[in-house]
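The structure appears below as structure tokens.
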Amino acid sequence: MELEVRHLRALCAIADTGSLHKAARQLGMSQPSLTTQLRRIELALGGQLFARERTGCRPTPLGRVVLSRARPLVTEMRSLVAETRAAAARATEGPRLRIGSTASRAIPGWLRRLRVRLPGTEISLQMDVSANALLRMVASAQLDVAFVHEVEGSPLRLPESLRRRVLLDREPQFVSLAADHPAAQRPVVRIGDLADDRWMVDPTVDGEWDGLRRVLTSAGLNPHVLHGDYLTAASLVATGEVVTLCQPTSRARADMAVRPLHGDPLGVRLMVAARTEEELNAVYGELEAAYWEAARQSPAYAEWLLRSGDARGAAGGTLVPVSG
């Protein structure tokens with residue numbers, strides 16, 4: 001008996017689920033068929049791969065050796081199939097560009113520029129709060145490129161097969177608060193000025209909660225923290241219920257102020273990832289221009305850039321200081 005990819009996939013499924021019954025269901029086959037297949041595999045390899053226990057199946061020492069070789073092969077084959085299907089789709093459907101991104105004010109300008117630069121290309125966008133999920137989708141050829149942010153102190157898991165380019169090594173995170181909040185009257189807010197406020201954070205955003213917790217702990221604060229999405233947070237910020245971290249490109253409203261935090265205690269790295277350098281080159285210039293366009297449109301960020309001496313935000317436009 002010669003081992004095939006389907007046999008290796010079966011071994012990985014048994015190890016991952018710890019159960020012949022669950023593995024069979026995952027593989028879309030009956031348990032007796034999977035049991036028979038496992039016996040044939042063990043016979044071909046000359047040893048028992050799994051110990052059958054009352055609590056399930058556990059890999060034997062031989063099984064662990066086989067699995068250490070099988071998993072990379074199964075993953076590589078899965079990627080090969082995904083990339084082949086994607087290439088076939090592109091060949092029959094015409095050029096397309098599948099973009100993934102975490103939330104960013106640069107997205108509209110990026111898409112606008114790409115449509116001008118790549119006429120006739122079908123451009124799609126998939127938003128996700130999880131940067132790691134988007135990177136996995138690029139690695140498996142479900143997306144072509146992903147624009148993501150990496151919260152300081154919480155490194156992303158970048159698949160080895162991907163190439164990346166850093167747009168900004170450290171983007172400071174600002175705070176959004178009600179326009180009538182006492183701290184909003186100052187151009188820069190000290191974290192201690194928010195000691196009595198409730199904070200809100202979206203824990204599904206990779207690294208976001210850990211980053212906020214480090215900032216609050218370093219400042220000696222232990223405020224009440226609400227968990228929720230940032231769309232809801234914006235409404236609660238405007239009514240003075242909570243304050244929340246925000247991107248510096250966020251725009252203030254009549255009922256909500258956006259301010260930098262004193263000392264810039266938290267930053268994120270902005271990067272774009274793809275499988276090849278060619279794919280990065282195809283989108284990076286437009287993304288860079290769109291980001292700095294968004295930066296110029298945020299008065300609070302514009303003033304921060306002036307103070308920090310970063311001239312990149314001034315290219316192609318005038319930086320307008322924030323009032324107050």
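Just remember, in the structure tokens the first chain shown is A, the second B, etc., residues are 1-based per chain, and ligands are 1-based in the order shown.
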With a distance cut-off of 12 Å and only C-alpha atoms, select the neighbouring residues of range 296-313 of chain A, excluding the residue or stretch itself and same-chain residues fewer than 6 positions from it, and output the selection as a compact mmCIF listing (two decimals) with all heavy atoms, in the first residue's frame.
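result_21.txt, written as the output of this step:
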# COMPACT_ATOMS: atom_id res chain seq x y z
N ARG A 105 -8.99 54.46 7.82
CA ARG A 105 -9.51 55.59 7.05
C ARG A 105 -8.86 55.66 5.67
O ARG A 105 -9.33 56.41 4.80
CB ARG A 105 -9.25 56.89 7.79
CG ARG A 105 -10.09 57.09 9.03
CD ARG A 105 -11.47 57.55 8.69
NE ARG A 105 -12.28 57.79 9.87
CZ ARG A 105 -13.54 58.19 9.82
NH1 ARG A 105 -14.12 58.41 8.65
NH2 ARG A 105 -14.23 58.36 10.93
N ALA A 106 -7.80 54.91 5.46
CA ALA A 106 -7.11 54.94 4.17
C ALA A 106 -7.80 54.10 3.11
O ALA A 106 -7.49 54.25 1.92
CB ALA A 106 -5.66 54.45 4.35
N GLY A 109 -9.59 55.91 -0.12
CA GLY A 109 -8.61 56.50 -1.03
C GLY A 109 -7.77 55.44 -1.72
O GLY A 109 -7.37 55.61 -2.89
N LEU A 167 4.29 50.00 6.25
CA LEU A 167 3.87 51.34 5.86
C LEU A 167 4.30 52.37 6.90
O LEU A 167 4.78 53.45 6.57
CB LEU A 167 2.35 51.38 5.67
CG LEU A 167 1.73 52.76 5.41
CD1 LEU A 167 2.20 53.31 4.07
CD2 LEU A 167 0.21 52.68 5.44
N LEU A 168 4.10 52.03 8.17
CA LEU A 168 4.47 52.93 9.25
C LEU A 168 4.89 52.07 10.44
O LEU A 168 4.12 51.22 10.89
CB LEU A 168 3.28 53.82 9.63
CG LEU A 168 3.58 55.03 10.52
CD1 LEU A 168 4.56 55.97 9.84
CD2 LEU A 168 2.29 55.77 10.86
N GLU A 171 2.50 53.93 14.53
CA GLU A 171 1.42 54.91 14.47
C GLU A 171 0.88 55.09 15.88
O GLU A 171 0.45 54.14 16.51
CB GLU A 171 0.30 54.42 13.55
CG GLU A 171 -0.87 55.38 13.46
CD GLU A 171 -2.08 54.75 12.80
OE1 GLU A 171 -2.67 53.83 13.44
OE2 GLU A 171 -2.46 55.15 11.69
N PRO A 172 0.89 56.32 16.41
CA PRO A 172 0.40 56.53 17.77
C PRO A 172 -1.11 56.33 17.83
O PRO A 172 -1.83 56.68 16.89
CB PRO A 172 0.77 57.98 18.05
CG PRO A 172 0.72 58.63 16.70
CD PRO A 172 1.25 57.60 15.74
N GLN A 173 -1.57 55.76 18.92
CA GLN A 173 -3.00 55.61 19.11
C GLN A 173 -3.54 56.79 19.92
O GLN A 173 -2.95 57.17 20.95
CB GLN A 173 -3.31 54.29 19.80
CG GLN A 173 -2.91 53.08 18.97
CD GLN A 173 -3.57 53.07 17.60
OE1 GLN A 173 -4.73 52.70 17.46
NE2 GLN A 173 -2.84 53.48 16.56
N PHE A 174 -4.62 57.38 19.47
CA PHE A 174 -5.22 58.54 20.11
C PHE A 174 -6.39 58.08 20.98
O PHE A 174 -6.67 56.88 21.12
CB PHE A 174 -5.70 59.54 19.06
CG PHE A 174 -4.59 60.32 18.41
CD1 PHE A 174 -3.24 60.01 18.63
CD2 PHE A 174 -4.87 61.39 17.56
CE1 PHE A 174 -2.22 60.73 18.02
CE2 PHE A 174 -3.86 62.11 16.95
CZ PHE A 174 -2.54 61.79 17.18
N VAL A 175 -7.08 59.03 21.58
CA VAL A 175 -8.25 58.73 22.39
C VAL A 175 -9.43 59.54 21.86
O VAL A 175 -9.27 60.69 21.44
CB VAL A 175 -7.99 59.04 23.89
CG1 VAL A 175 -7.76 60.53 24.11
CG2 VAL A 175 -9.14 58.54 24.75
N SER A 176 -10.59 58.93 21.84
CA SER A 176 -11.82 59.65 21.47
C SER A 176 -12.66 59.80 22.73
O SER A 176 -12.79 58.86 23.53
CB SER A 176 -12.59 58.92 20.38
OG SER A 176 -12.96 57.62 20.79
N ALA A 184 -11.11 67.22 26.82
CA ALA A 184 -11.17 67.56 25.39
C ALA A 184 -10.82 69.02 25.14
O ALA A 184 -10.60 69.41 23.99
CB ALA A 184 -12.55 67.24 24.84
N ARG A 186 -8.14 70.37 26.02
CA ARG A 186 -6.70 70.46 25.85
C ARG A 186 -6.28 69.74 24.57
O ARG A 186 -6.90 68.73 24.19
CB ARG A 186 -5.98 69.86 27.06
CG ARG A 186 -6.19 70.67 28.34
CD ARG A 186 -5.41 70.09 29.51
NE ARG A 186 -6.02 68.86 30.01
CZ ARG A 186 -7.03 68.84 30.88
NH1 ARG A 186 -7.58 69.97 31.30
NH2 ARG A 186 -7.51 67.70 31.32
N PRO A 187 -5.24 70.22 23.89
CA PRO A 187 -4.81 69.59 22.64
C PRO A 187 -4.19 68.21 22.84
O PRO A 187 -4.18 67.39 21.93
CB PRO A 187 -3.78 70.58 22.06
CG PRO A 187 -3.28 71.34 23.24
CD PRO A 187 -4.45 71.44 24.19
N VAL A 188 -3.65 67.93 24.04
CA VAL A 188 -3.07 66.63 24.36
C VAL A 188 -3.65 66.18 25.70
O VAL A 188 -3.70 66.96 26.65
CB VAL A 188 -1.53 66.70 24.44
CG1 VAL A 188 -0.95 65.34 24.84
CG2 VAL A 188 -0.94 67.15 23.10
N VAL A 189 -4.08 64.92 25.76
CA VAL A 189 -4.73 64.40 26.96
C VAL A 189 -3.77 63.51 27.74
O VAL A 189 -3.12 62.63 27.15
CB VAL A 189 -6.00 63.60 26.59
CG1 VAL A 189 -6.61 62.94 27.82
CG2 VAL A 189 -7.02 64.51 25.92
N CYS A 246 -8.41 55.16 19.71
CA CYS A 246 -8.82 55.24 18.31
C CYS A 246 -7.59 55.50 17.44
O CYS A 246 -6.52 55.87 17.93
CB CYS A 246 -9.86 56.34 18.11
SG CYS A 246 -9.22 58.02 18.38
N GLN A 247 -7.74 55.28 16.16
CA GLN A 247 -6.68 55.57 15.22
C GLN A 247 -6.52 57.09 15.07
O GLN A 247 -7.51 57.81 15.14
CB GLN A 247 -7.00 54.92 13.86
CG GLN A 247 -7.09 53.42 13.92
CD GLN A 247 -7.53 52.81 12.59
OE1 GLN A 247 -7.64 53.50 11.60
NE2 GLN A 247 -7.79 51.52 12.60
N PRO A 248 -5.30 57.57 14.85
CA PRO A 248 -5.10 59.02 14.75
C PRO A 248 -5.77 59.63 13.54
O PRO A 248 -6.01 60.84 13.50
CB PRO A 248 -3.58 59.16 14.70
CG PRO A 248 -3.11 57.86 14.13
CD PRO A 248 -4.04 56.83 14.69
N THR A 249 -6.08 58.82 12.54
CA THR A 249 -6.76 59.32 11.35
C THR A 249 -8.27 59.47 11.57
O THR A 249 -8.98 59.94 10.67
CB THR A 249 -6.53 58.37 10.15
OG1 THR A 249 -6.82 57.03 10.55
CG2 THR A 249 -5.08 58.44 9.68
N SER A 250 -8.76 59.06 12.75
CA SER A 250 -10.18 59.22 13.06
C SER A 250 -10.55 60.70 13.04
O SER A 250 -9.75 61.56 13.43
CB SER A 250 -10.50 58.63 14.44
OG SER A 250 -10.19 57.26 14.49
N ARG A 251 -11.75 60.99 12.60
CA ARG A 251 -12.16 62.38 12.48
C ARG A 251 -13.11 62.75 13.61
O ARG A 251 -14.03 62.00 13.95
CB ARG A 251 -12.85 62.60 11.13
CG ARG A 251 -11.93 62.34 9.94
CD ARG A 251 -12.65 62.48 8.64
NE ARG A 251 -11.85 61.98 7.52
CZ ARG A 251 -12.30 61.84 6.29
NH1 ARG A 251 -13.56 62.18 6.01
NH2 ARG A 251 -11.52 61.37 5.34
N ALA A 252 -12.85 63.92 14.17
CA ALA A 252 -13.72 64.41 15.23
C ALA A 252 -15.10 64.77 14.67
O ALA A 252 -15.26 64.98 13.46
CB ALA A 252 -13.08 65.64 15.89
N ARG A 253 -16.10 64.82 15.56
CA ARG A 253 -17.44 65.24 15.19
C ARG A 253 -17.87 66.35 16.14
O ARG A 253 -17.16 66.65 17.11
CB ARG A 253 -18.42 64.06 15.28
CG ARG A 253 -17.97 62.84 14.52
CD ARG A 253 -18.97 61.70 14.55
NE ARG A 253 -19.78 61.58 15.74
CZ ARG A 253 -20.35 60.45 16.14
NH1 ARG A 253 -20.16 59.35 15.44
NH2 ARG A 253 -21.09 60.40 17.23
N ALA A 257 -14.61 64.37 20.35
CA ALA A 257 -13.27 64.90 20.10
C ALA A 257 -12.27 63.76 19.96
O ALA A 257 -12.45 62.67 20.53
CB ALA A 257 -12.85 65.82 21.25
N VAL A 258 -11.23 64.00 19.18
CA VAL A 258 -10.13 63.05 19.00
C VAL A 258 -8.85 63.76 19.42
O VAL A 258 -8.53 64.83 18.90
CB VAL A 258 -10.04 62.57 17.55
CG1 VAL A 258 -8.79 61.71 17.35
CG2 VAL A 258 -11.28 61.79 17.15
N ARG A 259 -8.14 63.18 20.38
CA ARG A 259 -6.94 63.82 20.91
C ARG A 259 -5.80 62.81 21.08
O ARG A 259 -6.05 61.64 21.39
CB ARG A 259 -7.22 64.46 22.29
CG ARG A 259 -8.25 65.58 22.26
CD ARG A 259 -7.66 66.83 21.63
NE ARG A 259 -8.58 67.95 21.70
CZ ARG A 259 -9.44 68.27 20.73
NH1 ARG A 259 -9.50 67.54 19.62
NH2 ARG A 259 -10.24 69.32 20.87
N PRO A 260 -4.54 63.27 20.89
CA PRO A 260 -3.40 62.40 21.19
C PRO A 260 -3.24 62.24 22.70
O PRO A 260 -3.67 63.10 23.47
CB PRO A 260 -2.22 63.16 20.58
CG PRO A 260 -2.65 64.59 20.54
CD PRO A 260 -4.14 64.58 20.34
N LEU A 261 -2.62 61.14 23.09
CA LEU A 261 -2.32 60.90 24.50
C LEU A 261 -0.89 61.36 24.81
O LEU A 261 0.03 61.14 24.01
CB LEU A 261 -2.47 59.42 24.83
CG LEU A 261 -3.90 58.89 24.89
CD1 LEU A 261 -3.90 57.36 24.89
CD2 LEU A 261 -4.62 59.41 26.12
N HIS A 262 -0.72 61.99 25.94
CA HIS A 262 0.61 62.49 26.34
C HIS A 262 1.60 61.34 26.40
O HIS A 262 1.37 60.30 27.04
CB HIS A 262 0.51 63.16 27.71
CG HIS A 262 1.83 63.69 28.20
ND1 HIS A 262 2.40 64.83 27.69
CD2 HIS A 262 2.69 63.21 29.14
CE1 HIS A 262 3.54 65.05 28.29
NE2 HIS A 262 3.75 64.08 29.18
N GLY A 263 2.73 61.51 25.72
CA GLY A 263 3.77 60.49 25.72
C GLY A 263 3.54 59.37 24.73
O GLY A 263 4.37 58.46 24.64
N ASP A 264 2.42 59.38 24.02
CA ASP A 264 2.11 58.34 23.03
C ASP A 264 2.37 56.94 23.61
O ASP A 264 3.24 56.20 23.13
CB ASP A 264 2.95 58.53 21.76
CG ASP A 264 2.77 59.92 21.16
OD1 ASP A 264 1.63 60.40 21.14
OD2 ASP A 264 3.78 60.52 20.73
N GLU A 288 0.13 53.93 0.30
CA GLU A 288 0.91 54.94 0.98
C GLU A 288 0.31 56.34 0.75
O GLU A 288 0.15 57.13 1.69
CB GLU A 288 2.36 54.90 0.51
CG GLU A 288 3.28 55.87 1.24
CD GLU A 288 4.71 55.75 0.77
OE1 GLU A 288 4.92 55.54 -0.45
OE2 GLU A 288 5.63 55.85 1.61
N ALA A 289 -0.04 56.62 -0.49
CA ALA A 289 -0.63 57.93 -0.80
C ALA A 289 -1.97 58.10 -0.10
O ALA A 289 -2.28 59.18 0.41
CB ALA A 289 -0.79 58.07 -2.31
N ALA A 290 -2.77 57.04 -0.06
CA ALA A 290 -4.08 57.12 0.58
C ALA A 290 -3.96 57.33 2.08
O ALA A 290 -4.76 58.06 2.68
CB ALA A 290 -4.88 55.85 0.28
N LEU A 319 -0.92 70.83 6.38
CA LEU A 319 -1.30 70.32 7.67
C LEU A 319 -1.96 71.45 8.46
O LEU A 319 -1.42 72.54 8.60
CB LEU A 319 -0.08 69.80 8.43
CG LEU A 319 0.54 68.52 7.85
CD1 LEU A 319 1.82 68.18 8.60
CD2 LEU A 319 -0.43 67.37 7.94
N VAL A 320 -3.15 71.18 8.97
CA VAL A 320 -3.91 72.20 9.68
C VAL A 320 -3.89 71.91 11.17
O VAL A 320 -4.32 70.84 11.60
CB VAL A 320 -5.38 72.21 9.19
CG1 VAL A 320 -6.15 73.30 9.90
CG2 VAL A 320 -5.43 72.41 7.68
N PRO A 321 -3.35 72.82 12.01
CA PRO A 321 -3.30 72.58 13.46
C PRO A 321 -4.70 72.45 14.04
O PRO A 321 -5.65 73.06 13.55
CB PRO A 321 -2.58 73.82 13.99
CG PRO A 321 -1.86 74.38 12.83
CD PRO A 321 -2.72 74.09 11.64
N VAL A 322 -4.83 71.67 15.10
CA VAL A 322 -6.09 71.51 15.78
C VAL A 322 -6.32 72.72 16.67
O VAL A 322 -5.39 73.28 17.22
CB VAL A 322 -6.14 70.21 16.61
CG1 VAL A 322 -5.15 70.28 17.73
CG2 VAL A 322 -7.54 69.92 17.13
N SER A 323 -7.56 73.11 16.81
CA SER A 323 -7.87 74.24 17.68
C SER A 323 -8.00 73.78 19.11
O SER A 323 -8.26 72.61 19.37
CB SER A 323 -9.17 74.91 17.22
OG SER A 323 -10.22 73.98 17.28
N GLY A 324 -7.87 74.72 20.08
CA GLY A 324 -8.05 74.35 21.48
C GLY A 324 -6.74 74.33 22.23
O GLY A 324 -5.67 74.38 21.68
Next item on the list: Compile the contact shell of Ala133 in chain A as an MDAnalysis selection string: residues with an atom at most 12 Å away, counting only C-alpha atoms, same-chain residues fewer than 3 positions apart removed.
Entry: chainID A and resid 100:102 126:130 136:140 142:143 146:148 156:159 204:206
Checklist line | alpha helix (DSSP H) per DSSP on the backbone: members of range 54-263 of chain A, as an NGL selection string | finding: :A and (61-93 or 107-117 or 131-139 or 208-218 or 230-238)
Next item on the list: May I have the residues within 12 Å of Tyr284 in chain A as a list of chain:residue names, using only C-alpha atoms and disregarding those fewer than 5 positions away in the same chain?
Entry: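 Result of the neighbour search: A:Ile99, A:Trp110, A:Leu111, A:Arg113, A:Leu114, A:Arg117, A:Val145, A:Ala146, A:Phe147, A:Arg164, A:Arg165, A:Val166, A:Leu167, A:Leu270, A:Met271, A:Val272, A:Ala273, A:Ala274, A:Glu277, A:Glu278, A:Glu279, A:Ala289, A:Ala290, A:Tyr291.
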Checklist line | Ala178 in chain A surroundings by only C-alpha atoms, 12 Å radius, close-in-sequence under 3 positions cut, as number ranges by chain | finding: A: 175, 181-185, 194, 197, 233-244, 252-259
Store the residues of this selection in a file with N, CA, C and O atoms, as a short mmCIF file (atom, residue, chain, number, x, y, z; two decimals), in the first residue's frame.
data_model
loop_
_atom_site.label_atom_id
_atom_site.label_comp_id
_atom_site.auth_asym_id
_atom_site.auth_seq_id
_atom_site.Cartn_x
_atom_site.Cartn_y
_atom_site.Cartn_z
N VAL A 175 -7.08 59.03 21.58
CA VAL A 175 -8.25 58.73 22.39
C VAL A 175 -9.43 59.54 21.86
O VAL A 175 -9.27 60.69 21.44
N HIS A 181 -16.22 66.77 27.27
CA HIS A 181 -15.38 66.21 28.33
C HIS A 181 -14.33 67.26 28.71
O HIS A 181 -13.74 67.90 27.83
N PRO A 182 -14.08 67.48 30.00
CA PRO A 182 -13.08 68.48 30.40
C PRO A 182 -11.72 68.30 29.72
O PRO A 182 -11.07 69.28 29.35
N ALA A 183 -11.30 67.03 29.54
CA ALA A 183 -9.99 66.78 28.93
C ALA A 183 -9.95 67.16 27.46
O ALA A 183 -8.87 67.40 26.90
N ALA A 184 -11.11 67.22 26.82
CA ALA A 184 -11.17 67.56 25.39
C ALA A 184 -10.82 69.02 25.14
O ALA A 184 -10.60 69.41 23.99
N GLN A 185 -10.77 69.82 26.18
CA GLN A 185 -10.44 71.24 26.02
C GLN A 185 -8.94 71.44 25.82
O GLN A 185 -8.51 72.54 25.50
N LEU A 194 -8.19 60.75 32.63
CA LEU A 194 -9.30 59.86 32.30
C LEU A 194 -9.47 58.78 33.36
O LEU A 194 -10.11 57.75 33.11
N ASP A 197 -13.05 57.71 34.12
CA ASP A 197 -13.89 57.34 32.98
C ASP A 197 -13.98 55.83 32.81
O ASP A 197 -13.07 55.08 33.17
N ALA A 233 -19.24 51.79 20.26
CA ALA A 233 -18.40 52.65 21.11
C ALA A 233 -18.52 54.11 20.71
O ALA A 233 -18.58 55.00 21.56
N ALA A 234 -18.58 54.38 19.40
CA ALA A 234 -18.67 55.77 18.95
C ALA A 234 -19.91 56.45 19.49
O ALA A 234 -19.87 57.62 19.90
N SER A 235 -21.03 55.74 19.51
CA SER A 235 -22.26 56.32 20.04
C SER A 235 -22.15 56.57 21.54
O SER A 235 -22.61 57.60 22.04
N LEU A 236 -21.52 55.65 22.26
CA LEU A 236 -21.37 55.80 23.70
C LEU A 236 -20.36 56.89 24.05
O LEU A 236 -20.51 57.59 25.05
N VAL A 237 -19.32 57.03 23.22
CA VAL A 237 -18.35 58.11 23.44
C VAL A 237 -19.05 59.46 23.31
O VAL A 237 -18.85 60.37 24.12
N ALA A 238 -19.86 59.62 22.28
CA ALA A 238 -20.52 60.91 22.02
C ALA A 238 -21.42 61.34 23.17
O ALA A 238 -21.58 62.54 23.42
N THR A 239 -21.99 60.38 23.89
CA THR A 239 -22.88 60.71 25.01
C THR A 239 -22.14 60.77 26.34
O THR A 239 -22.77 60.98 27.38
N GLY A 240 -20.83 60.56 26.32
CA GLY A 240 -20.05 60.65 27.54
C GLY A 240 -20.06 59.39 28.38
O GLY A 240 -19.56 59.40 29.51
N GLU A 241 -20.57 58.28 27.85
CA GLU A 241 -20.63 57.04 28.61
C GLU A 241 -19.25 56.39 28.74
O GLU A 241 -18.94 55.79 29.76
N VAL A 242 -18.44 56.48 27.68
CA VAL A 242 -17.12 55.83 27.68
C VAL A 242 -16.12 56.71 26.95
O VAL A 242 -16.49 57.67 26.24
N VAL A 243 -14.85 56.37 27.11
CA VAL A 243 -13.79 56.87 26.24
C VAL A 243 -13.15 55.64 25.61
O VAL A 243 -13.27 54.52 26.14
N THR A 244 -12.46 55.83 24.50
CA THR A 244 -11.87 54.66 23.84
C THR A 244 -10.65 55.06 23.03
O THR A 244 -10.53 56.21 22.57
N ALA A 252 -12.85 63.92 14.17
CA ALA A 252 -13.72 64.41 15.23
C ALA A 252 -15.10 64.77 14.67
O ALA A 252 -15.26 64.98 13.46
N ARG A 253 -16.10 64.82 15.56
CA ARG A 253 -17.44 65.24 15.19
C ARG A 253 -17.87 66.35 16.14
O ARG A 253 -17.16 66.65 17.11
N ALA A 254 -19.02 66.90 15.88
CA ALA A 254 -19.51 67.97 16.75
C ALA A 254 -19.67 67.48 18.18
O ALA A 254 -19.51 68.25 19.14
N ASP A 255 -19.99 66.18 18.34
CA ASP A 255 -20.21 65.64 19.68
C ASP A 255 -19.08 64.76 20.17
O ASP A 255 -19.18 64.14 21.23
N MET A 256 -17.98 64.66 19.42
CA MET A 256 -16.90 63.76 19.80
C MET A 256 -15.55 64.36 19.40
O MET A 256 -15.38 64.82 18.27
N ALA A 257 -14.61 64.37 20.35
CA ALA A 257 -13.27 64.90 20.10
C ALA A 257 -12.27 63.76 19.96
O ALA A 257 -12.45 62.67 20.53
N VAL A 258 -11.23 64.00 19.18
CA VAL A 258 -10.13 63.05 19.00
C VAL A 258 -8.85 63.76 19.42
O VAL A 258 -8.53 64.83 18.90
N ARG A 259 -8.14 63.18 20.38
CA ARG A 259 -6.94 63.82 20.91
C ARG A 259 -5.80 62.81 21.08
O ARG A 259 -6.05 61.64 21.39
#
Next item on the list: Could you please write out, as a PyMOL selection string, every residue of range 175-257 of chain A that DSSP assigns to strand (DSSP E or B)?
Entry: chain A and resi 175-178+189+199-201+225-227+243-246+253+256-257
Margin query: Quick one: residues within 12 Å of Ala51 in chain A, only C-alpha atoms, excluding same-chain residues fewer than 2 positions away - as a ChimeraX atom specification?
Written below: /A:14-15,18-20,38,42,47-49,53-64
Next, write the just-selected residues to a file, as a PDB file, in the first residue's frame, keeping C-alpha atoms as the atom set.
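Contents of result.pdb, as written:
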ATOM      1  CA  ILE A  14      -7.597  11.847  13.911  1.00  0.00           C
ATOM      2  CA  ALA A  15      -4.820  13.614  15.802  1.00  0.00           C
ATOM      3  CA  GLY A  18      -8.669  12.932  19.190  1.00  0.00           C
ATOM      4  CA  SER A  19     -11.500  10.725  18.041  1.00  0.00           C
ATOM      5  CA  LEU A  20     -12.141   8.356  15.146  1.00  0.00           C
ATOM      6  CA  LEU A  38      -6.135   3.485   9.670  1.00  0.00           C
ATOM      7  CA  GLU A  42      -0.472   1.168  10.237  1.00  0.00           C
ATOM      8  CA  GLY A  47       3.574   0.001  13.623  1.00  0.00           C
ATOM      9  CA  GLN A  48       0.703   1.421  15.651  1.00  0.00           C
ATOM     10  CA  LEU A  49       0.166   5.149  15.106  1.00  0.00           C
ATOM     11  CA  GLU A  53      -8.091   4.766  24.873  1.00  0.00           C
ATOM     12  CA  ARG A  54     -11.441   5.296  26.580  1.00  0.00           C
ATOM     13  CA  THR A  55     -11.023   9.042  26.211  1.00  0.00           C
ATOM     14  CA  GLY A  56     -10.132   8.855  22.514  1.00  0.00           C
ATOM     15  CA  CYS A  57      -7.114   8.362  20.264  1.00  0.00           C
ATOM     16  CA  ARG A  58      -3.648   9.509  21.285  1.00  0.00           C
ATOM     17  CA  PRO A  59      -0.624   9.434  18.925  1.00  0.00           C
ATOM     18  CA  THR A  60       2.049   6.888  19.804  1.00  0.00           C
ATOM     19  CA  PRO A  61       5.745   7.857  19.567  1.00  0.00           C
ATOM     20  CA  LEU A  62       5.741   6.468  15.998  1.00  0.00           C
ATOM     21  CA  GLY A  63       2.538   8.376  15.304  1.00  0.00           C
ATOM     22  CA  ARG A  64       4.096  11.648  16.424  1.00  0.00           C
TER      23      ARG A  64
END
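Using only C-alpha atoms, the shortest contact distance between Ala82 in chain A and any of A:Ala141, A:Val151, A:Ile41, A:Leu8 is found at A:Ala141.
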Check: How many Å lie between CA of Ala282 in chain A and CA of Leu97 in chain A, rounded to one decimal?
Finding: 9.8 Å
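Taking only C-alpha atoms into account, Arg69 in chain A lies nearest to A:Cys12 out of the set A:Met29, A:Leu43, A:Cys12, A:Leu118.
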Next item on the list: With a distance cut-off of 10 Å and only C-alpha atoms, select the neighbouring residues of Lys22 in chain A, excluding the residue or stretch itself and same-chain residues fewer than 5 positions from it, and output the selection as an MDAnalysis selection string.
Entry: chainID A and resid 13:14 16:17 27:28 30:31 56
Margin query: Restricting the calculation to only C-alpha atoms: of A:Ala24, A:Leu266, A:Leu226, A:Leu177, which residue gets closest to Gly207 in chain A?
Written below: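 With only C-alpha atoms as the atom set, the closest residue is A:Leu266.
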Notebook entry, point to check: Looking at only C-alpha atoms, which of A:Val215, A:Leu73, A:Ser154, A:Val65 is the one that sits closest to Arg6 in chain A?
Noted result: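 The shortest atom-to-atom distance to Arg6 in chain A comes from A:Leu73.
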Item checked: Closest of A:Gly228, A:Pro265, A:Pro155, A:Gly46 to Arg190 in chain A - atom-to-atom distances counting only C-alpha atoms -> A:Pro265
